[in-house]
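J.: My structure is stored as data_5.txt, with compact mmCIF, N, CA and C atoms and all ligand atoms.
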# COMPACT_ATOMS: atom_id res chain seq x y z
N MET A 1 68.95 84.04 74.96
CA MET A 1 69.48 84.07 76.33
C MET A 1 70.18 82.76 76.68
N LYS A 2 69.50 81.66 76.36
CA LYS A 2 70.07 80.36 76.74
C LYS A 2 71.39 80.09 76.00
N ILE A 3 71.41 80.50 74.74
CA ILE A 3 72.64 80.26 73.96
C ILE A 3 73.78 81.08 74.54
N LEU A 4 73.46 82.36 74.92
CA LEU A 4 74.49 83.22 75.50
C LEU A 4 75.07 82.61 76.78
N SER A 5 74.14 82.12 77.64
CA SER A 5 74.65 81.58 78.90
C SER A 5 75.44 80.29 78.67
N LEU A 6 75.06 79.51 77.68
CA LEU A 6 75.83 78.30 77.36
C LEU A 6 77.23 78.71 76.87
N PHE A 7 77.26 79.77 76.04
CA PHE A 7 78.54 80.27 75.52
C PHE A 7 79.45 80.71 76.67
N ARG A 8 78.84 81.43 77.65
CA ARG A 8 79.63 81.89 78.81
C ARG A 8 80.21 80.70 79.59
N THR A 9 79.38 79.71 79.81
CA THR A 9 79.83 78.53 80.56
C THR A 9 81.00 77.86 79.84
N LEU A 10 80.85 77.72 78.51
CA LEU A 10 81.90 77.05 77.75
C LEU A 10 83.19 77.86 77.76
N SER A 11 83.07 79.21 77.56
CA SER A 11 84.30 79.99 77.49
C SER A 11 84.99 80.04 78.85
N CYS A 12 84.21 80.08 79.95
CA CYS A 12 84.82 80.10 81.27
C CYS A 12 85.57 78.80 81.54
N SER A 13 84.92 77.69 81.21
CA SER A 13 85.62 76.43 81.49
C SER A 13 86.84 76.31 80.57
N GLY A 14 86.76 76.95 79.38
CA GLY A 14 87.92 76.94 78.50
C GLY A 14 89.09 77.66 79.12
N ILE A 15 88.85 78.83 79.71
CA ILE A 15 89.92 79.61 80.34
C ILE A 15 90.48 78.85 81.54
N LEU A 16 89.56 78.28 82.34
CA LEU A 16 90.00 77.51 83.50
C LEU A 16 90.91 76.37 83.05
N CYS A 17 90.47 75.73 81.98
CA CYS A 17 91.25 74.60 81.47
C CYS A 17 92.64 75.07 81.05
N LEU A 18 92.71 76.19 80.31
CA LEU A 18 94.01 76.70 79.88
C LEU A 18 94.88 77.05 81.08
N THR A 19 94.26 77.65 82.13
CA THR A 19 95.01 78.03 83.33
C THR A 19 95.62 76.80 83.98
N LEU A 20 94.83 75.74 84.07
CA LEU A 20 95.34 74.53 84.70
C LEU A 20 96.49 73.93 83.91
N VAL A 21 96.37 73.94 82.59
CA VAL A 21 97.46 73.41 81.76
C VAL A 21 98.70 74.27 81.98
N GLY A 22 98.54 75.60 82.03
CA GLY A 22 99.66 76.52 82.25
C GLY A 22 100.35 76.24 83.57
N LEU A 23 99.57 76.03 84.63
CA LEU A 23 100.15 75.76 85.94
C LEU A 23 100.96 74.48 85.93
N ALA A 24 100.39 73.46 85.30
CA ALA A 24 101.07 72.17 85.27
C ALA A 24 102.42 72.30 84.57
N GLU A 25 102.49 73.15 83.53
CA GLU A 25 103.74 73.28 82.79
C GLU A 25 104.80 74.06 83.56
N THR A 26 104.38 75.03 84.40
CA THR A 26 105.37 75.89 85.07
C THR A 26 105.82 75.34 86.44
N THR A 27 105.20 74.29 86.92
CA THR A 27 105.59 73.79 88.24
C THR A 27 106.48 72.56 88.14
N ALA A 28 107.65 72.77 87.53
CA ALA A 28 108.61 71.67 87.45
C ALA A 28 109.20 71.47 88.85
N PRO A 29 109.50 70.25 89.24
CA PRO A 29 110.03 70.02 90.60
C PRO A 29 111.40 70.69 90.80
N ILE A 30 111.63 71.23 92.01
CA ILE A 30 112.92 71.87 92.33
C ILE A 30 113.76 70.86 93.10
N ASP A 31 115.01 70.71 92.68
CA ASP A 31 115.90 69.80 93.41
C ASP A 31 116.48 70.56 94.60
N ARG A 32 115.90 70.36 95.76
CA ARG A 32 116.27 71.16 96.94
C ARG A 32 117.70 70.89 97.42
N ASP A 33 118.29 69.77 97.05
CA ASP A 33 119.64 69.46 97.54
C ASP A 33 120.72 70.17 96.74
N THR A 34 120.44 70.50 95.47
CA THR A 34 121.50 71.09 94.66
C THR A 34 121.28 72.56 94.36
N TRP A 35 120.09 73.09 94.69
CA TRP A 35 119.80 74.50 94.39
C TRP A 35 120.63 75.42 95.27
N LYS A 36 121.30 76.42 94.66
CA LYS A 36 122.15 77.33 95.44
C LYS A 36 121.92 78.77 95.00
N LEU A 37 122.15 79.71 95.91
CA LEU A 37 122.11 81.12 95.56
C LEU A 37 123.32 81.40 94.66
N PRO A 38 123.21 82.40 93.77
CA PRO A 38 124.40 82.74 92.97
C PRO A 38 125.50 83.28 93.89
N PRO A 39 126.78 83.13 93.51
CA PRO A 39 127.85 83.62 94.38
C PRO A 39 127.75 85.14 94.59
N GLU A 40 128.08 85.57 95.78
CA GLU A 40 127.99 86.99 96.14
C GLU A 40 129.41 87.51 96.33
N PRO A 41 129.93 88.27 95.35
CA PRO A 41 131.31 88.74 95.52
C PRO A 41 131.38 89.78 96.64
N LEU A 42 132.39 89.67 97.48
CA LEU A 42 132.57 90.64 98.57
C LEU A 42 133.49 91.74 98.05
N THR A 43 132.92 92.88 97.75
CA THR A 43 133.73 93.94 97.16
C THR A 43 134.18 94.97 98.18
N LEU A 44 133.89 94.74 99.47
CA LEU A 44 134.32 95.71 100.48
C LEU A 44 135.81 95.57 100.75
N ARG A 45 136.48 96.70 101.02
CA ARG A 45 137.92 96.66 101.32
C ARG A 45 138.16 95.93 102.64
N ASP A 46 139.19 95.06 102.59
CA ASP A 46 139.52 94.27 103.77
C ASP A 46 140.40 95.10 104.70
N SER A 47 139.80 95.69 105.68
CA SER A 47 140.57 96.47 106.66
C SER A 47 139.82 96.42 107.98
N PRO A 48 140.44 96.87 109.10
CA PRO A 48 139.77 96.75 110.39
C PRO A 48 138.33 97.26 110.34
N GLY A 49 137.41 96.48 110.89
CA GLY A 49 135.99 96.86 110.86
C GLY A 49 135.21 96.06 109.83
N ILE A 50 135.92 95.29 108.99
CA ILE A 50 135.23 94.53 107.93
C ILE A 50 134.24 93.52 108.53
N ASP A 51 134.61 92.91 109.68
CA ASP A 51 133.70 91.92 110.28
C ASP A 51 132.42 92.58 110.79
N LEU A 52 132.57 93.79 111.31
CA LEU A 52 131.41 94.55 111.76
C LEU A 52 130.50 94.87 110.56
N MET A 53 131.13 95.23 109.46
CA MET A 53 130.37 95.53 108.24
C MET A 53 129.63 94.28 107.75
N LYS A 54 130.35 93.15 107.72
CA LYS A 54 129.73 91.90 107.24
C LYS A 54 128.54 91.55 108.11
N ALA A 55 128.67 91.74 109.41
CA ALA A 55 127.59 91.35 110.32
C ALA A 55 126.39 92.30 110.28
N ASN A 56 126.61 93.54 109.90
CA ASN A 56 125.52 94.52 110.00
C ASN A 56 125.00 95.09 108.69
N CYS A 57 125.80 94.99 107.64
CA CYS A 57 125.41 95.69 106.41
C CYS A 57 125.01 94.78 105.27
N LEU A 58 125.19 93.48 105.40
CA LEU A 58 124.94 92.63 104.23
C LEU A 58 123.68 91.79 104.35
N LEU A 59 122.85 92.14 105.32
CA LEU A 59 121.58 91.42 105.51
C LEU A 59 120.65 91.63 104.33
N CYS A 60 120.64 92.83 103.79
CA CYS A 60 119.59 93.21 102.84
C CYS A 60 120.09 93.44 101.42
N HIS A 61 121.32 93.85 101.25
CA HIS A 61 121.78 94.15 99.89
C HIS A 61 123.24 93.81 99.71
N SER A 62 123.66 93.86 98.44
CA SER A 62 125.03 93.48 98.12
C SER A 62 126.00 94.58 98.55
N THR A 63 127.28 94.22 98.56
CA THR A 63 128.30 95.18 98.99
C THR A 63 128.46 96.33 97.98
N GLU A 64 128.04 96.10 96.74
CA GLU A 64 128.17 97.16 95.73
C GLU A 64 127.40 98.42 96.11
N TYR A 65 126.33 98.27 96.86
CA TYR A 65 125.58 99.45 97.29
C TYR A 65 126.50 100.40 98.04
N ILE A 66 127.47 99.83 98.74
CA ILE A 66 128.38 100.63 99.56
C ILE A 66 129.62 101.01 98.74
N SER A 67 130.24 100.01 98.09
CA SER A 67 131.53 100.25 97.44
C SER A 67 131.42 101.13 96.19
N THR A 68 130.25 101.27 95.62
CA THR A 68 130.14 102.10 94.41
C THR A 68 129.67 103.53 94.70
N GLN A 69 129.53 103.87 95.98
CA GLN A 69 129.16 105.25 96.31
C GLN A 69 130.35 106.17 96.04
N PRO A 70 130.08 107.42 95.71
CA PRO A 70 131.21 108.36 95.63
C PRO A 70 131.76 108.56 97.05
N PRO A 71 133.01 109.02 97.19
CA PRO A 71 133.55 109.23 98.55
C PRO A 71 132.66 110.20 99.33
N LEU A 72 132.32 109.80 100.56
CA LEU A 72 131.43 110.63 101.39
C LEU A 72 132.15 111.11 102.64
N LYS A 73 131.71 112.24 103.15
CA LYS A 73 132.26 112.77 104.39
C LYS A 73 131.69 111.97 105.57
N ARG A 74 132.33 112.10 106.75
CA ARG A 74 131.84 111.41 107.94
C ARG A 74 130.35 111.68 108.19
N SER A 75 129.97 112.95 108.11
CA SER A 75 128.57 113.30 108.40
C SER A 75 127.62 112.62 107.39
N GLN A 76 128.09 112.44 106.16
CA GLN A 76 127.23 111.80 105.16
C GLN A 76 127.12 110.30 105.41
N TRP A 77 128.22 109.67 105.83
CA TRP A 77 128.14 108.24 106.16
C TRP A 77 127.27 108.03 107.39
N GLU A 78 127.35 108.98 108.34
CA GLU A 78 126.48 108.87 109.52
C GLU A 78 125.01 108.91 109.10
N VAL A 79 124.69 109.81 108.17
CA VAL A 79 123.31 109.90 107.68
C VAL A 79 122.90 108.59 106.99
N GLU A 80 123.82 108.02 106.21
CA GLU A 80 123.51 106.75 105.52
C GLU A 80 123.18 105.64 106.53
N VAL A 81 124.03 105.51 107.53
CA VAL A 81 123.82 104.44 108.52
C VAL A 81 122.52 104.70 109.29
N THR A 82 122.27 105.95 109.62
CA THR A 82 121.02 106.31 110.32
C THR A 82 119.81 105.96 109.45
N LYS A 83 119.94 106.24 108.16
CA LYS A 83 118.84 105.92 107.23
C LYS A 83 118.58 104.41 107.18
N MET A 84 119.66 103.62 107.13
CA MET A 84 119.49 102.16 107.10
C MET A 84 118.72 101.69 108.34
N ARG A 85 119.02 102.31 109.47
CA ARG A 85 118.37 101.89 110.73
C ARG A 85 116.94 102.43 110.82
N ALA A 86 116.80 103.73 110.60
CA ALA A 86 115.50 104.37 110.86
C ALA A 86 114.48 104.12 109.75
N LYS A 87 114.93 104.17 108.51
CA LYS A 87 113.98 104.03 107.39
C LYS A 87 113.82 102.60 106.91
N PHE A 88 114.93 101.86 106.91
CA PHE A 88 114.87 100.51 106.34
C PHE A 88 114.87 99.41 107.40
N GLY A 89 114.93 99.80 108.68
CA GLY A 89 114.79 98.81 109.75
C GLY A 89 116.01 97.94 110.00
N ALA A 90 117.21 98.41 109.62
CA ALA A 90 118.41 97.61 109.88
C ALA A 90 118.59 97.42 111.39
N PRO A 91 118.72 96.17 111.84
CA PRO A 91 118.84 95.91 113.28
C PRO A 91 120.27 96.14 113.77
N ILE A 92 120.69 97.40 113.78
CA ILE A 92 122.07 97.74 114.16
C ILE A 92 122.02 98.44 115.52
N ALA A 93 122.76 97.89 116.50
CA ALA A 93 122.78 98.48 117.85
C ALA A 93 123.44 99.86 117.80
N THR A 94 122.94 100.77 118.63
CA THR A 94 123.46 102.15 118.63
C THR A 94 124.97 102.19 118.89
N ASN A 95 125.45 101.33 119.80
CA ASN A 95 126.89 101.39 120.11
C ASN A 95 127.77 100.77 119.02
N THR A 96 127.15 100.21 118.00
CA THR A 96 127.91 99.65 116.87
C THR A 96 128.13 100.71 115.78
N VAL A 97 127.29 101.73 115.80
CA VAL A 97 127.32 102.73 114.72
C VAL A 97 128.70 103.40 114.56
N PRO A 98 129.36 103.88 115.66
CA PRO A 98 130.64 104.56 115.45
C PRO A 98 131.68 103.67 114.75
N GLY A 99 131.74 102.39 115.09
CA GLY A 99 132.69 101.47 114.46
C GLY A 99 132.42 101.33 112.96
N LEU A 100 131.15 101.27 112.61
CA LEU A 100 130.77 101.15 111.20
C LEU A 100 131.14 102.42 110.45
N VAL A 101 130.84 103.56 111.06
CA VAL A 101 131.14 104.84 110.40
C VAL A 101 132.65 105.01 110.26
N ASP A 102 133.42 104.59 111.27
CA ASP A 102 134.89 104.67 111.17
C ASP A 102 135.38 103.88 109.95
N TYR A 103 134.87 102.66 109.82
CA TYR A 103 135.28 101.83 108.67
C TYR A 103 134.92 102.53 107.35
N LEU A 104 133.68 103.04 107.29
CA LEU A 104 133.20 103.66 106.05
C LEU A 104 134.03 104.89 105.69
N VAL A 105 134.33 105.72 106.68
CA VAL A 105 135.09 106.94 106.41
C VAL A 105 136.51 106.59 105.98
N LYS A 106 137.09 105.60 106.68
CA LYS A 106 138.49 105.24 106.37
C LYS A 106 138.60 104.66 104.95
N ASN A 107 137.63 103.86 104.57
CA ASN A 107 137.73 103.15 103.28
C ASN A 107 136.96 103.77 102.14
N TYR A 108 135.90 104.51 102.45
CA TYR A 108 135.06 105.09 101.40
C TYR A 108 134.75 106.55 101.66
N GLY A 109 135.66 107.20 102.38
CA GLY A 109 135.42 108.60 102.72
C GLY A 109 136.21 109.55 101.83
N THR A 110 135.86 110.83 101.93
CA THR A 110 136.64 111.84 101.22
C THR A 110 137.89 112.11 102.05
N THR A 111 138.93 112.64 101.43
CA THR A 111 140.13 112.98 102.18
C THR A 111 139.81 114.17 103.10
N ASN A 112 138.84 114.96 102.69
CA ASN A 112 138.39 116.11 103.48
C ASN A 112 137.30 115.63 104.44
N ARG A 113 137.70 115.12 105.63
CA ARG A 113 136.74 114.51 106.54
C ARG A 113 136.14 115.54 107.45
C1 LIG A 201 117.37 96.19 106.87
C2 LIG A 201 117.99 96.17 105.56
C3 LIG A 201 119.27 96.93 105.36
C4 LIG A 201 120.45 96.84 106.07
C5 LIG A 201 120.79 95.90 107.22
C6 LIG A 201 121.35 97.80 105.45
N1 LIG A 201 120.74 98.41 104.40
FE1 LIG A 201 121.60 99.73 103.13
N2 LIG A 201 119.92 99.78 102.00
C7 LIG A 201 118.73 99.14 102.32
C8 LIG A 201 117.74 99.49 101.34
C9 LIG A 201 116.28 98.98 101.32
C10 LIG A 201 118.36 100.36 100.43
C11 LIG A 201 117.74 101.03 99.23
C12 LIG A 201 117.73 100.06 98.11
C13 LIG A 201 117.23 100.68 96.83
O1 LIG A 201 116.92 101.89 96.79
O2 LIG A 201 117.18 99.94 95.85
C14 LIG A 201 119.74 100.51 100.87
C15 LIG A 201 120.68 101.26 100.20
C16 LIG A 201 121.95 101.52 100.67
C17 LIG A 201 122.91 102.41 100.03
C18 LIG A 201 122.71 103.13 98.70
C19 LIG A 201 122.39 104.58 98.93
C20 LIG A 201 121.01 104.80 99.49
O3 LIG A 201 120.93 105.56 100.46
O4 LIG A 201 120.03 104.22 98.99
C21 LIG A 201 124.02 102.44 100.83
C22 LIG A 201 125.29 103.25 100.63
C23 LIG A 201 123.76 101.55 101.96
N3 LIG A 201 122.50 101.01 101.81
C24 LIG A 201 124.65 101.33 102.98
C25 LIG A 201 124.42 100.47 104.04
C26 LIG A 201 125.36 100.27 105.13
C27 LIG A 201 126.71 100.98 105.27
C28 LIG A 201 124.79 99.36 105.96
C29 LIG A 201 125.34 98.87 107.27
C30 LIG A 201 125.66 99.90 108.26
C31 LIG A 201 123.49 98.98 105.40
N4 LIG A 201 123.30 99.68 104.23
C32 LIG A 201 122.62 98.05 105.93
C33 LIG A 201 118.53 98.27 103.37
C34 LIG A 201 119.47 97.92 104.30
Represent the structure from my file as structure tokens, please.
Ligand code: HEC

T.:
Amino acid sequence: MKILSLFRTLSCSGILCLTLVGLAETTAPIDRDTWKLPPEPLTLRDSPGIDLMKANCLLCHSTEYISTQPPLKRSQWEVEVTKMRAKFGAPIATNTVPGLVDYLVKNYGTTNR
């Protein structure tokens, strides 16, 4: 019994020791003055409504989420914007929605609107 408990004590302190060494190796100092986010290419079409899109749609994800969709009808873009607000919590004012949908339909809509 005594040997077993000594073995447990030794192996536990061994693991703890390894953990501490691991932590020390992975916590290299970060240079806060030079660290930058990677560049974010703006792939949305530059046309009226782009500023509204920038202000309301780029909080959470890249523009590719929008620009790589297949062409959608107005009703489908309305559902998308509603989903961003209702399901994902996008803080988009109700009176801003028509302007956003207009931009989306004009630039990423089907010809059959
Ligand atoms: C509050 C955060 C948030 C905002 C703001 C937001 N989205 Fe999203 N969006 C999401 C999340 C979360 C997903 C799903 C990501 C995933 O599945 O990986 C998503 C996915 C999408 C997709 C991919 C298709 C889908 O339904 O998953 C499209 C298109 C899209 N968003 C359009 C928009 C548009 C247009 C706006 C502005 C009107 C917008 N988003 C604003 C959170 C947001």

J.: Write out as a ChimeraX atom specification each polymer residue whose atoms come within 12 Å of stretch 83-90 of chain A, counting only C-alpha atoms; drop sequence neighbours fewer than 3 positions from it.

T.: /A:55-61,65-66,76-80,93-94,96-97

J.: Got a sec to check which residues sit within 7 Å of (133.7, 111.7, 98.6), counting all atoms listed in the file, and write them as a PyMOL selection string?

T.: chain A and resi 69-73+108-111

J.: Nearest to ligand LIG 201 (chain A): which of A:Leu37, A:Leu42, A:Ile50, A:Leu104 is it, counting only C-alpha atoms and all ligand atoms?

T.: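 That would be A:Leu104, the residue with the smallest distance to ligand LIG 201 (chain A).
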
J.: Return the single residue from A:Ala28, A:Pro48, A:Thr43, A:Gly99 that is closest to ligand LIG 201 (chain A), with distances computed using only C-alpha atoms and all ligand atoms.

T.: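 Of the candidates, the smallest distance to ligand LIG 201 (chain A) is held by A:Gly99.
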
J.: Go ahead and fit an axis-aligned box to every listed atom of ligand LIG 201 (chain A) plus 5 Å each side, and pass me the centre and edge lengths in Å, one decimal, as JSON.

T.:
{"center_x": 121.5, "center_y": 100.7, "center_z": 102.1, "size_x": 20.4, "size_y": 19.7, "size_z": 22.4}

J.: Pick the closest to ligand LIG 201 (chain A) from A:Ser47, A:Asn107, A:Ser62, A:Thr34: which is it, counting all atoms listed in the file?

T.: A:Ser62

J.: Could you tell me which of A:Thr82, A:Lys106, A:Asn95, A:Ile30 comes closest to ligand LIG 201 (chain A) if we count only N, CA and C atoms and all ligand atoms?

T.: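 Comparing A:Thr82, A:Lys106, A:Asn95, A:Ile30 against ligand LIG 201 (chain A), the winner is A:Thr82.
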
J.: Kindly give the distance, in Å, that separates atom CA of A:Pro38 and atom CA of A:Leu100, rounded to a single decimal.

T.: 26.7 Å

J.: Choose the residue, out of A:Met53, A:Tyr103, A:Pro41, A:Arg74, that has the smallest atom-to-atom separation from ligand LIG 201 (chain A); count only C-alpha atoms and all ligand atoms.

T.: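 Residue with the minimum atom-to-atom distance to ligand LIG 201 (chain A): A:Met53.
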
J.: Of the candidates A:Pro98, A:Val81, A:Asp33, A:Val105, which shows the shortest atom-to-atom distance to ligand LIG 201 (chain A), using all atoms listed in the file?

T.: A:Val81

J.: Please compute the atom C32 of ligand LIG 201 (chain A)-atom N of A:Asp46 distance, one decimal, in Å.

T.: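 We find that atom C32 of ligand LIG 201 (chain A) and atom N of A:Asp46 lie 17.2 Å from each other.
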
J.: Between atom C of A:Pro39 and atom C20 of ligand LIG 201 (chain A), what is the distance in Å, rounded to a tenth?

T.: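 So the answer is 21.4 Å.
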
J.: Mind listing the alpha helix (DSSP H) residues of stretch 22-77 of chain A, per DSSP on the backbone, as a ChimeraX atom specification?

T.: /A:22-26,50-57,64-67,74-77
